[in-house]
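What follows is a set of notes on a single structure, which appears directly below.
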Amino acid sequence: MSRLKTVLPGLDMKNPVMPASGCFAFGAEFADLYDLSLLGAAAVKAATPEPRRGNPVPRVAETDSGMLNAIGLQNPGAKAIKADHLNHCGQAGIPVLANIAGTSIDDYCEAASVMADAPEVGALELNISCPNVKEGGIQFGNDPELAAEVTRAVCNISNKPVYVKLSPNTGDISAIAKSVEKAGASGLSMINTLIGMRLDTETGKPILANKTGGLSGPAVKPVAIRMIYEVSQQTDLPIIGMGGISSVEDIIDFFSAGASAVAVGTANFQNPFICPELIEQLDEWLARRQIAHVSDLTGRSWKSCGVPSL
Amino acid sequence: MSRLKTVLPGLDMKNPVMPASGCFAFGAEFADLYDLSLLGAAAVKAATPEPRRGNPVPRVAETDSGMLNAIGLQNPGAKAIKADHLNHCGQAGIPVLANIAGTSIDDYCEAASVMADAPEVGALELNISCPNVKEGGIQFGNDPELAAEVTRAVCNISNKPVYVKLSPNTGDISAIAKSVEKAGASGLSMINTLIGMRLDTETGKPILANKTGGLSGPAVKPVAIRMIYEVSQQTDLPIIGMGGISSVEDIIDFFSAGASAVAVGTANFQNPFICPELIEQLDEWLARRQIAHVSDLTGRSWKSCGVPSL
Amino acid sequence: MIKEKLKLVEKEEVAKNVYKFTMEGSQIPSQCTPGRFLHVQAGDGRAMLLRRPISISAADERTVVIIFRASGAGTEAIASVRIGDTIDVFGPLGQGFPMLEDGTALLIGGGVGVPPLYFLAEELVKNGVSVKAVIGFRSAEDVFLEKELRHLGEVEVTTENGSYGTKGYVTDAALLKSAFTTFYACGPKAMLRPLQDTMDAPGYVSLEERMGCGIGACFACVCDKKEGGYVKICSDGPVFEKGVVQL
Amino acid sequence: MIKEKLKLVEKEEVAKNVYKFTMEGSQIPSQCTPGRFLHVQAGDGRAMLLRRPISISAADERTVVIIFRASGAGTEAIASVRIGDTIDVFGPLGQGFPMLEDGTALLIGGGVGVPPLYFLAEELVKNGVSVKAVIGFRSAEDVFLEKELRHLGEVEVTTENGSYGTKGYVTDAALLKSAFTTFYACGPKAMLRPLQDTMDAPGYVSLEERMGCGIGACFACVCDKKEGGYVKICSDGPVFEKGVVQL
Ligand SMILES: Cc1cc2nc3c(=O)[nH]c(=O)nc-3n(C[C@H](O)[C@H](O)[C@H](O)COP(=O)(O)OP(=O)(O)OC[C@H]3O[C@@H](n4cnc5c(N)ncnc54)[C@H](O)[C@@H]3O)c2cc1C
Ligand SMILES: Cc1cc2nc3c(=O)[nH]c(=O)nc-3n(C[C@H](O)[C@H](O)[C@H](O)COP(=O)(O)OP(=O)(O)OC[C@H]3O[C@@H](n4cnc5c(N)ncnc54)[C@H](O)[C@@H]3O)c2cc1C
Ligand SMILES: Cc1cc2nc3c(=O)[nH]c(=O)nc-3n(C[C@H](O)[C@H](O)[C@H](O)COP(=O)(O)O)c2cc1C
Ligand SMILES: Cc1cc2nc3c(=O)[nH]c(=O)nc-3n(C[C@H](O)[C@H](O)[C@H](O)COP(=O)(O)O)c2cc1C
Ligand code: FES
Ligand code: FES
């Protein structure tokens, strides 16, 4: 599987496939199902400085080819995560991409400094896009200045590379991307969820207790592909692509659009074994077409030469 | 069916259901399938001042529970539309909602002044959001100032009410909505398509000749519902809701979110008879629950009293 | 926790829109115990992404039985599967009912909360425990599993409109005042809440919540504990000892 | 143009991944003529919204036949329909092949472009027209409809790898140089282009394009005319007289 080996800032991965933040907790549950060392890396659940209880239930609702979630960043707090929750990934020897959330720049920095210190953590993933938390998140992701500010602050205190996870809920994602690149980001994760809502038809009321939630799953894949296609031509940062991946063809599409690695979120709920299955299928897909390395596919939707057209 | 009668600025409708712009052309094809007088109104294909040839093919691509289109506003030009294409709706006695597009404010005004003059036209629908045309559309829909400017200009020259069709490709749709309300809009249509892309997995290249296209269908319904839920609480304008409607339950959800009428787009391709079918089902749905009038449902997701909770 | 395609070998509509599915498989059935549940894929899983949690109503080495109401698009799709076809199932999931070794158990189930109690009743009786059951439904046409439970012990049926058995809710049943060692309850929160609050005997309640992963990884299904902290219904439950969770 | 659930009564894999479906209905079949097409729903239409355009390969009062390659998710879903089940079909759509009254017709089809030509051949022969056919495939295992066409007239098969019949493309066939009154061609653009450009005889070409509505309302399937202006393949075509459209 040498054609899968992928090295990105802070992430030395035997393959470019990882579970997406929030869909894998910290790995304990999946360690019962398969050998975590098969994964390229693991993006773990968002850490905030203090423990968070999250939103009232219901927290999930199904939509056509998608789902809404409004978990509300429930987590035991950065210190507890660092102390008690990273051992499964650590023992498997896979780098952790530590997702960081908060409601102020100080929050982000506090959580980041704790997580960056954990030896299991390879890089930070700055969640400036979570649409579920009323006071925070969303404004960072929709404003190039604020996005740059929080990125700069976290990069300053972190001794690990910082990936910024972009929100699709914005009119100009390239502006945000370029802004966080200048501010010191080492990579991008995209995309986070679109803001959505589902109503109970009989009562007319929102199904989620939080009313709105984040839309994920195959429904959003065309939006993710288009944004990565655009941003990968506007910045030099490596992109971890996500949004609706559930097959090996999806992974190829994300690479073609411009990604250098991928994360699988919602699909873990339908098939908890999907990550190792996709990794094997990815290797076969490339082998069958005699593609020397998966990175040869990155950006081939817009690159005009030097890449296999198949 | 008196419980369906709906009167909005410029649109005197026996029911609140119309085909969406671009999915019905000007009605000639559907007149072969059913009696157009069953419809509440008809949103017809975008008119530009000059004839437009549109984009190269392929112009459509399927996605999970959605589709992408990049027709590129092909149309015979406002004058030809007014002269030759409105007779089917006119004979059926249903008001036309004339969709207007352009690449400059002058363009919009030129097309608007022609269309507003047609006796069949009840109101204009300003498409400030079409994501397919490189030089135009998109910037109007993502900038409150520009959106207001084009709205003001068109309202000034139009003797018919103007609905502004909002783009979901923006970080703050309420800001756009409030801005066009102040500028003189009589109503809102929402939502237009999300920008998306699909790649051919084998070649890695975009399937659409235009590369990006507009995402529509049930996949985008949660985004539409959330935006209408938000905007209907921020403005007093009536909203024509659309985005993924394919069942009577969908219609109810759009009313509950805050719509006063609905448009059905993509679903016409799967079932060309869907509009009259939904109109009948809507009447039955309300009758079974003894709801006096469909407008009683408008905004019941957020209104706390005075509406039937069922 | 296994993902397996189970083969539908028997299918019966046991009440209006309520289906009993007997499914065959080589791995999942033998791991099933009362109170645990299966995470069942609806349709081809493309338009409907989330699995549906359905309790296990009986199981042996090769077969497992579920009983479910076709109440929405997903359960309707599952109900439309034909005999001989397969169903994609992940499970068994969750923590089941703790077993009694002796004494008398009172089982209290409402609607589609009854199926897991049947499995429990079978196992309790095998253990030598006496079983009594209160099962509540909307109306006479909704009643199911009554006959099967009567083979195992005394049964009281309640219907909301009084069209069959005792009129009212399970909480109105006479058997609730009879003597028993432990109770086991499964049904909507509105039914479990008064039971948890008013029953003197020890007991267990089985909860429902909308789920994502079903294995404790997504935090969709949390429920506050009375003494602070929280549980995940999918992996810490769905069965909890009386008084542990806030209802 | 009718929307009807057609019942699948016969199903055969006529070549690798190529299926022949015989479907029964009360309204659509009797309206079918050669060159028109059906707009076929894939699966339950929830994850896959767009219908698939498939040519009519034969029809009588009560049945209609289609032959299609299962090449993607939608056609695979259609291929998995079982005998006795129904398929949601909208049609027949488009303008078919104009008929000849006498003389000799040369039919030229590539791959899944062959099926509509079979229907045409039958009708031409009924009209007393002589028929010859050139049909091209990738390789021997892909060949279908050869035997059926031989009942109606002379047939030349071409395969790209030469594993059967003439080696090369349909444009390499000897029959193209024989005498005939009119040609009818159906296949990919790369095949139709040289035919339109080089054939001296009058003729017709049948085109493919990705479609939305199938009835001329969405402008997905336009094609430029040589003399300016455009046509919609779904409603003005899919059949056009040689020289009308730009290929
Ligand atoms: C542990 C557990 C055991 C259960 N056992 C049974 C059983 O044995 N028999 C039975 O008939 N039902 C049972 N249910 C309820 C069953 O899961 C729901 O009725 C079913 O998920 C509804 O799906 P749908 O497609 O009909 O509805 P839809 O409304 O189409 O479902 C949409 C989404 O909401 C979720 N959802 C909707 N209602 C519920 C609910 N009440 N509980 C959980 N998720 C819901 C669905 O899973 C799906 O993700 C159980 C639920 C849980 C949590
Ligand atoms: C008028 C007409 C007649 C046809 N007749 C036949 C026939 O008799 N037998 C046969 O095997 N095929 C025929 N085709 C081609 C057939 O429509 C496509 O092979 C089929 O739509 C592909 O669908 P899919 O689900 O396999 O592919 P997917 O790639 O999953 O399809 C995705 C989308 O792209 C569209 N699409 C993909 N390829 C094509 C194509 N080549 N042409 C049009 N749309 C496409 C699909 O309709 C769908 O909307 C015909 C096409 C047209 C336009
Ligand atoms: C239940 C759930 C919880 C999530 N939690 C987080 C989170 O804590 N932090 C974050 O950055 N993204 C979170 N996400 C977003 C995912 O990481 C991912 O960006 C998104 O779901 C799109 O990918 P998918 O379609 O493969 O799920 C969450 C998604 C889901 C479905
Ligand atoms: C093929 C196609 C063409 C469209 N053309 C137009 C257009 O000309 N003007 C416009 O304002 N919207 C256009 N739309 C957008 C629709 O009117 C509608 O806003 C959108 O498709 C969402 O509704 P739906 O999901 O029901 O299709 C088009 C949509 C489709 C699918
Ligand atoms: S359903 Fe995911 S934690 Fe319970
Ligand atoms: S497919 Fe809609 S116009 Fe041809």
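Going by the structure tokens order, chains are called A, B, ..., each with residues numbered from 1, while ligands are numbered from 1 in the order shown.
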Worksheet entry | Counting only C-alpha atoms, chain C residues within 10 Å of chain D, as a PyMOL selection string | chain C and resi 43-48
Go ahead and save the residues from that selection, with C-alpha atoms, as an mmCIF file, in the first residue's frame.
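Final file, again_1.cif:
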data_model
loop_
_atom_site.group_PDB
_atom_site.id
_atom_site.type_symbol
_atom_site.label_atom_id
_atom_site.label_comp_id
_atom_site.auth_asym_id
_atom_site.auth_seq_id
_atom_site.Cartn_x
_atom_site.Cartn_y
_atom_site.Cartn_z
ATOM 1 C CA GLY C 43 -34.057 0.545 1.889
ATOM 2 C CA ASP C 44 -30.741 0.701 0.056
ATOM 3 C CA GLY C 45 -29.512 3.296 2.545
ATOM 4 C CA ARG C 46 -28.945 5.940 -0.139
ATOM 5 C CA ALA C 47 -31.849 8.312 0.470
ATOM 6 C CA MET C 48 -32.234 7.222 4.113
#
Worksheet item: Got a sec: who's within 7 Å of segment 151-165 of chain D, counting only C-alpha atoms, leaving out chain neighbours fewer than 3 positions off, as an MDAnalysis selection string?
Response: chainID D and resid 125 131:140 147:148 168:170 173
Item to complete: Could you pull out the residues sitting within 7 Å of ligand 4, using only C-alpha atoms and all ligand atoms, and write them as a count of residues only?
Response: 34
Fill in: Close residues, segment 268-282 of chain B itself excluded, 9 Å, only C-alpha atoms, min 3 positions apart in chain, as JSON, numbers by chain
{"B": [1, 4, 15, 16, 17, 18, 19, 23, 24, 30, 33, 34, 35, 36, 38, 39, 40, 246, 247, 248, 249, 251, 252, 263, 264, 265, 285, 286, 287, 294], "D": [3, 41, 45, 49, 50, 51, 90, 212, 213, 214, 215, 218]}
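For segment 74-210 of chain A, a DSSP pass over the backbone yields strand (DSSP E or B) at Asn75, Val96, Leu97, Ala98, Asn99, Ile100, Val121, Gly122, Ala123, Leu124, Glu125, Leu126, Asn127, Val162, Tyr163, Val164, Lys165, Gly187, Leu188, Ser189, Met190, Leu194, Ile195, Gly196, Leu199 and Pro206 of chain A.
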Residues from the last selection, N, CA and C atoms, saved as an mmCIF file, in the first residue's frame:
data_model
loop_
_atom_site.group_PDB
_atom_site.id
_atom_site.type_symbol
_atom_site.label_atom_id
_atom_site.label_comp_id
_atom_site.auth_asym_id
_atom_site.auth_seq_id
_atom_site.Cartn_x
_atom_site.Cartn_y
_atom_site.Cartn_z
ATOM 1 N N ASN A 75 -18.435 17.603 25.130
ATOM 2 C CA ASN A 75 -17.109 16.983 25.306
ATOM 3 C C ASN A 75 -16.662 17.206 26.726
ATOM 4 N N VAL A 96 -3.251 11.947 15.783
ATOM 5 C CA VAL A 96 -4.553 12.548 16.083
ATOM 6 C C VAL A 96 -4.599 13.962 15.520
ATOM 7 N N LEU A 97 -5.686 14.254 14.814
ATOM 8 C CA LEU A 97 -5.971 15.623 14.384
ATOM 9 C C LEU A 97 -6.968 16.152 15.418
ATOM 10 N N ALA A 98 -6.485 17.042 16.274
ATOM 11 C CA ALA A 98 -7.293 17.449 17.433
ATOM 12 C C ALA A 98 -8.165 18.643 17.082
ATOM 13 N N ASN A 99 -9.473 18.391 17.008
ATOM 14 C CA ASN A 99 -10.441 19.432 16.676
ATOM 15 C C ASN A 99 -10.635 20.352 17.884
ATOM 16 N N ILE A 100 -10.606 21.659 17.613
ATOM 17 C CA ILE A 100 -10.654 22.673 18.675
ATOM 18 C C ILE A 100 -11.843 23.583 18.437
ATOM 19 N N VAL A 121 -1.130 13.925 19.605
ATOM 20 C CA VAL A 121 -1.677 14.887 18.638
ATOM 21 C C VAL A 121 -0.623 15.264 17.599
ATOM 22 N N GLY A 122 -0.976 15.089 16.331
ATOM 23 C CA GLY A 122 -0.067 15.458 15.254
ATOM 24 C C GLY A 122 -0.300 16.879 14.785
ATOM 25 N N ALA A 123 -1.560 17.289 14.804
ATOM 26 C CA ALA A 123 -1.903 18.629 14.332
ATOM 27 C C ALA A 123 -3.233 19.038 14.947
ATOM 28 N N LEU A 124 -3.505 20.332 14.910
ATOM 29 C CA LEU A 124 -4.782 20.851 15.397
ATOM 30 C C LEU A 124 -5.703 21.126 14.212
ATOM 31 N N GLU A 125 -6.992 20.979 14.450
ATOM 32 C CA GLU A 125 -7.990 21.315 13.433
ATOM 33 C C GLU A 125 -8.926 22.354 14.063
ATOM 34 N N LEU A 126 -8.811 23.562 13.570
ATOM 35 C CA LEU A 126 -9.542 24.683 14.157
ATOM 36 C C LEU A 126 -10.948 24.725 13.590
ATOM 37 N N ASN A 127 -11.914 24.382 14.427
ATOM 38 C CA ASN A 127 -13.306 24.369 13.972
ATOM 39 C C ASN A 127 -13.892 25.762 14.097
ATOM 40 N N VAL A 162 -1.392 23.815 12.331
ATOM 41 C CA VAL A 162 -2.815 24.113 12.510
ATOM 42 C C VAL A 162 -3.555 24.030 11.168
ATOM 43 N N TYR A 163 -4.574 23.166 11.117
ATOM 44 C CA TYR A 163 -5.491 23.103 9.975
ATOM 45 C C TYR A 163 -6.740 23.894 10.346
ATOM 46 N N VAL A 164 -7.226 24.704 9.425
ATOM 47 C CA VAL A 164 -8.451 25.435 9.713
ATOM 48 C C VAL A 164 -9.606 24.759 8.981
ATOM 49 N N LYS A 165 -10.647 24.448 9.736
ATOM 50 C CA LYS A 165 -11.803 23.769 9.148
ATOM 51 C C LYS A 165 -12.817 24.811 8.705
ATOM 52 N N GLY A 187 -2.797 24.020 6.851
ATOM 53 C CA GLY A 187 -3.671 23.222 5.994
ATOM 54 C C GLY A 187 -5.119 23.621 6.217
ATOM 55 N N LEU A 188 -5.980 23.053 5.382
ATOM 56 C CA LEU A 188 -7.415 23.329 5.487
ATOM 57 C C LEU A 188 -8.179 22.023 5.608
ATOM 58 N N SER A 189 -9.271 22.042 6.367
ATOM 59 C CA SER A 189 -10.240 20.943 6.345
ATOM 60 C C SER A 189 -11.509 21.525 5.767
ATOM 61 N N MET A 190 -12.097 20.851 4.797
ATOM 62 C CA MET A 190 -13.337 21.376 4.252
ATOM 63 C C MET A 190 -14.110 20.256 3.596
ATOM 64 N N LEU A 194 -23.442 22.325 6.426
ATOM 65 C CA LEU A 194 -24.303 23.443 6.032
ATOM 66 C C LEU A 194 -25.399 23.597 7.080
ATOM 67 N N ILE A 195 -25.809 24.819 7.343
ATOM 68 C CA ILE A 195 -26.891 24.985 8.319
ATOM 69 C C ILE A 195 -28.217 24.566 7.692
ATOM 70 N N GLY A 196 -28.969 23.744 8.401
ATOM 71 C CA GLY A 196 -30.244 23.266 7.880
ATOM 72 C C GLY A 196 -31.247 23.064 8.988
ATOM 73 N N LEU A 199 -38.521 20.089 9.878
ATOM 74 C CA LEU A 199 -39.717 20.274 10.692
ATOM 75 C C LEU A 199 -40.483 18.960 10.801
ATOM 76 N N PRO A 206 -39.728 22.461 14.658
ATOM 77 C CA PRO A 206 -38.437 21.833 14.346
ATOM 78 C C PRO A 206 -38.269 20.513 15.101
#
Item to complete: Grab me every residue within 6 Å of ligand 2, counting only C-alpha atoms and all ligand atoms, and send it over as a PyMOL selection string.
Response: (chain B and resi 61-62) or (chain D and resi 37+50+52-55+67-75+112+115+208-211+238)
Give me the residues of chain B that have any atom at most 10 Å from an atom of chain C; for each, the nearest atom pair and the distance in Å, rounded to one decimal. Use only C-alpha atoms, sort by chain and number, and format it as JSON lines.
{"residue": "B:Asp64", "atom": "CA", "partner": "C:Ala47", "partner_atom": "CA", "distance": 7.5}
{"residue": "B:Ser65", "atom": "CA", "partner": "C:Ala47", "partner_atom": "CA", "distance": 6.7}
{"residue": "B:Pro218", "atom": "CA", "partner": "C:Ala47", "partner_atom": "CA", "distance": 9.7}
{"residue": "B:Ala219", "atom": "CA", "partner": "C:Ala47", "partner_atom": "CA", "distance": 9.2}
Kindly export the residues of the current selection with N, CA, C and O atoms, as a CSV table (one decimal), in the first residue's frame.
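Generated file (selection36.csv):
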chain,number,residue,atom,x,y,z
B,64,ASP,N,-26.8,12.8,-5.4
B,64,ASP,CA,-27.6,12.1,-4.4
B,64,ASP,C,-28.8,13.0,-4.0
B,64,ASP,O,-28.6,14.0,-3.4
B,65,SER,N,-30.0,12.5,-4.3
B,65,SER,CA,-31.2,13.3,-4.0
B,65,SER,C,-31.2,14.7,-4.5
B,65,SER,O,-31.9,15.6,-3.9
B,218,PRO,N,-34.5,17.5,-3.4
B,218,PRO,CA,-34.7,17.2,-2.0
B,218,PRO,C,-33.4,17.4,-1.1
B,218,PRO,O,-33.5,17.7,0.1
B,219,ALA,N,-32.2,17.2,-1.7
B,219,ALA,CA,-31.0,17.4,-1.0
B,219,ALA,C,-30.9,18.8,-0.3
B,219,ALA,O,-30.3,18.9,0.7
Practice prompt. Hey, list the chain B side of the contact with chain A: 9 Å cut-off, only C-alpha atoms, answer as a VMD selection string.
Written response: chain B and resid 63 to 66 68 142 to 143 168 to 172 194 to 206 211 to 212 215 218 to 227 229 249 to 250 252 to 253 255 to 257 297 299 to 302 308 to 310
Discussion item. So that I can check the surroundings of segment 203-207 of chain D, please list as an MDAnalysis selection string every protein, DNA and RNA residue that reaches within 6 Å of it, counting only C-alpha atoms and ignoring chain neighbours fewer than 4 positions away.
Written reply: chainID D and resid 182:186 238:242
Discussion item. Residues of segment 93-177 of chain A classed as alpha helix (DSSP H) by DSSP on the backbone are to be reported as an MDAnalysis selection string.
Written reply: chainID A and resid 105:116 138:141 144:157 173:177
Residues just named, written with N, CA, C and O atoms as a short mmCIF file (atom, residue, chain, number, x, y, z; two decimals), in the first residue's frame:
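What landed in part.cif:
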data_model
loop_
_atom_site.label_atom_id
_atom_site.label_comp_id
_atom_site.auth_asym_id
_atom_site.auth_seq_id
_atom_site.Cartn_x
_atom_site.Cartn_y
_atom_site.Cartn_z
N ILE A 105 -11.71 33.92 21.15
CA ILE A 105 -10.33 33.61 20.77
C ILE A 105 -9.58 33.02 21.95
O ILE A 105 -8.80 32.08 21.79
N ASP A 106 -9.85 33.53 23.14
CA ASP A 106 -9.19 32.97 24.33
C ASP A 106 -9.53 31.50 24.51
O ASP A 106 -8.67 30.69 24.83
N ASP A 107 -10.82 31.19 24.32
CA ASP A 107 -11.26 29.79 24.39
C ASP A 107 -10.44 28.91 23.46
O ASP A 107 -9.92 27.86 23.86
N TYR A 108 -10.39 29.33 22.21
CA TYR A 108 -9.66 28.54 21.23
C TYR A 108 -8.22 28.32 21.67
O TYR A 108 -7.69 27.21 21.61
N CYS A 109 -7.60 29.41 22.13
CA CYS A 109 -6.19 29.32 22.50
C CYS A 109 -6.00 28.39 23.69
O CYS A 109 -5.04 27.62 23.74
N GLU A 110 -6.94 28.47 24.62
CA GLU A 110 -6.80 27.65 25.81
C GLU A 110 -6.91 26.16 25.45
O GLU A 110 -6.07 25.34 25.85
N ALA A 111 -7.92 25.83 24.68
CA ALA A 111 -8.08 24.43 24.27
C ALA A 111 -6.91 24.00 23.40
O ALA A 111 -6.39 22.88 23.54
N ALA A 112 -6.48 24.90 22.52
CA ALA A 112 -5.39 24.55 21.61
C ALA A 112 -4.09 24.28 22.36
O ALA A 112 -3.36 23.34 22.04
N SER A 113 -3.83 25.09 23.36
CA SER A 113 -2.54 24.90 24.04
C SER A 113 -2.51 23.58 24.80
O SER A 113 -1.48 22.92 24.87
N VAL A 114 -3.67 23.19 25.33
CA VAL A 114 -3.72 21.89 26.01
C VAL A 114 -3.53 20.76 25.00
O VAL A 114 -2.70 19.86 25.17
N MET A 115 -4.30 20.81 23.92
CA MET A 115 -4.29 19.69 22.97
C MET A 115 -2.95 19.59 22.23
O MET A 115 -2.46 18.50 21.94
N ALA A 116 -2.35 20.74 21.90
CA ALA A 116 -1.10 20.72 21.15
C ALA A 116 0.01 20.06 21.96
O ALA A 116 0.98 19.55 21.42
N ILE A 138 -19.84 30.39 14.30
CA ILE A 138 -20.28 30.84 13.00
C ILE A 138 -19.67 32.15 12.54
O ILE A 138 -19.22 32.27 11.41
N GLN A 139 -19.55 33.14 13.41
CA GLN A 139 -19.02 34.42 12.93
C GLN A 139 -17.55 34.32 12.53
O GLN A 139 -17.12 35.00 11.63
N PHE A 140 -16.79 33.45 13.17
CA PHE A 140 -15.40 33.28 12.76
C PHE A 140 -15.33 32.75 11.33
O PHE A 140 -14.51 33.18 10.54
N GLY A 141 -16.21 31.84 11.01
CA GLY A 141 -16.13 31.16 9.72
C GLY A 141 -16.66 31.96 8.56
O GLY A 141 -16.47 31.58 7.41
N PRO A 144 -13.50 36.96 6.94
CA PRO A 144 -12.07 36.72 6.70
C PRO A 144 -11.19 37.31 7.80
O PRO A 144 -10.18 36.69 8.18
N GLU A 145 -11.55 38.47 8.32
CA GLU A 145 -10.73 39.11 9.35
C GLU A 145 -10.71 38.29 10.63
O GLU A 145 -9.66 37.99 11.19
N LEU A 146 -11.92 37.93 11.10
CA LEU A 146 -12.03 37.16 12.34
C LEU A 146 -11.37 35.80 12.18
O LEU A 146 -10.71 35.30 13.10
N ALA A 147 -11.56 35.20 11.03
CA ALA A 147 -10.97 33.88 10.79
C ALA A 147 -9.45 33.98 10.88
O ALA A 147 -8.78 33.11 11.47
N ALA A 148 -8.90 35.05 10.31
CA ALA A 148 -7.45 35.24 10.36
C ALA A 148 -6.99 35.47 11.79
O ALA A 148 -5.97 34.95 12.24
N GLU A 149 -7.78 36.24 12.53
CA GLU A 149 -7.40 36.58 13.89
C GLU A 149 -7.29 35.34 14.78
O GLU A 149 -6.30 35.14 15.48
N VAL A 150 -8.30 34.50 14.72
CA VAL A 150 -8.27 33.31 15.58
C VAL A 150 -7.18 32.35 15.09
O VAL A 150 -6.49 31.71 15.90
N THR A 151 -6.97 32.28 13.79
CA THR A 151 -5.93 31.41 13.27
C THR A 151 -4.55 31.88 13.75
O THR A 151 -3.73 31.09 14.23
N ARG A 152 -4.33 33.18 13.65
CA ARG A 152 -3.04 33.74 14.06
C ARG A 152 -2.79 33.48 15.54
O ARG A 152 -1.71 33.02 15.94
N ALA A 153 -3.82 33.70 16.34
CA ALA A 153 -3.67 33.51 17.79
C ALA A 153 -3.33 32.06 18.12
O ALA A 153 -2.43 31.78 18.92
N VAL A 154 -4.04 31.13 17.48
CA VAL A 154 -3.79 29.72 17.79
C VAL A 154 -2.43 29.28 17.26
O VAL A 154 -1.69 28.55 17.93
N CYS A 155 -2.07 29.73 16.06
CA CYS A 155 -0.76 29.37 15.51
C CYS A 155 0.36 29.86 16.42
O CYS A 155 1.37 29.18 16.59
N ASN A 156 0.15 31.03 17.01
CA ASN A 156 1.17 31.59 17.89
C ASN A 156 1.44 30.73 19.12
O ASN A 156 2.58 30.62 19.55
N ILE A 157 0.40 30.15 19.67
CA ILE A 157 0.62 29.39 20.91
C ILE A 157 0.80 27.90 20.66
O ILE A 157 1.11 27.16 21.58
N ILE A 173 -15.86 31.47 0.02
CA ILE A 173 -15.00 30.59 0.82
C ILE A 173 -13.53 30.81 0.50
O ILE A 173 -12.67 30.63 1.36
N SER A 174 -13.24 31.22 -0.72
CA SER A 174 -11.83 31.44 -1.08
C SER A 174 -11.25 32.61 -0.29
O SER A 174 -10.06 32.59 0.07
N ALA A 175 -12.07 33.60 -0.02
CA ALA A 175 -11.59 34.74 0.75
C ALA A 175 -11.18 34.30 2.15
O ALA A 175 -10.12 34.70 2.67
N ILE A 176 -11.99 33.45 2.75
CA ILE A 176 -11.65 32.93 4.09
C ILE A 176 -10.36 32.09 4.00
O ILE A 176 -9.46 32.22 4.82
N ALA A 177 -10.30 31.25 2.99
CA ALA A 177 -9.14 30.36 2.86
C ALA A 177 -7.85 31.15 2.70
O ALA A 177 -6.84 30.87 3.37
#
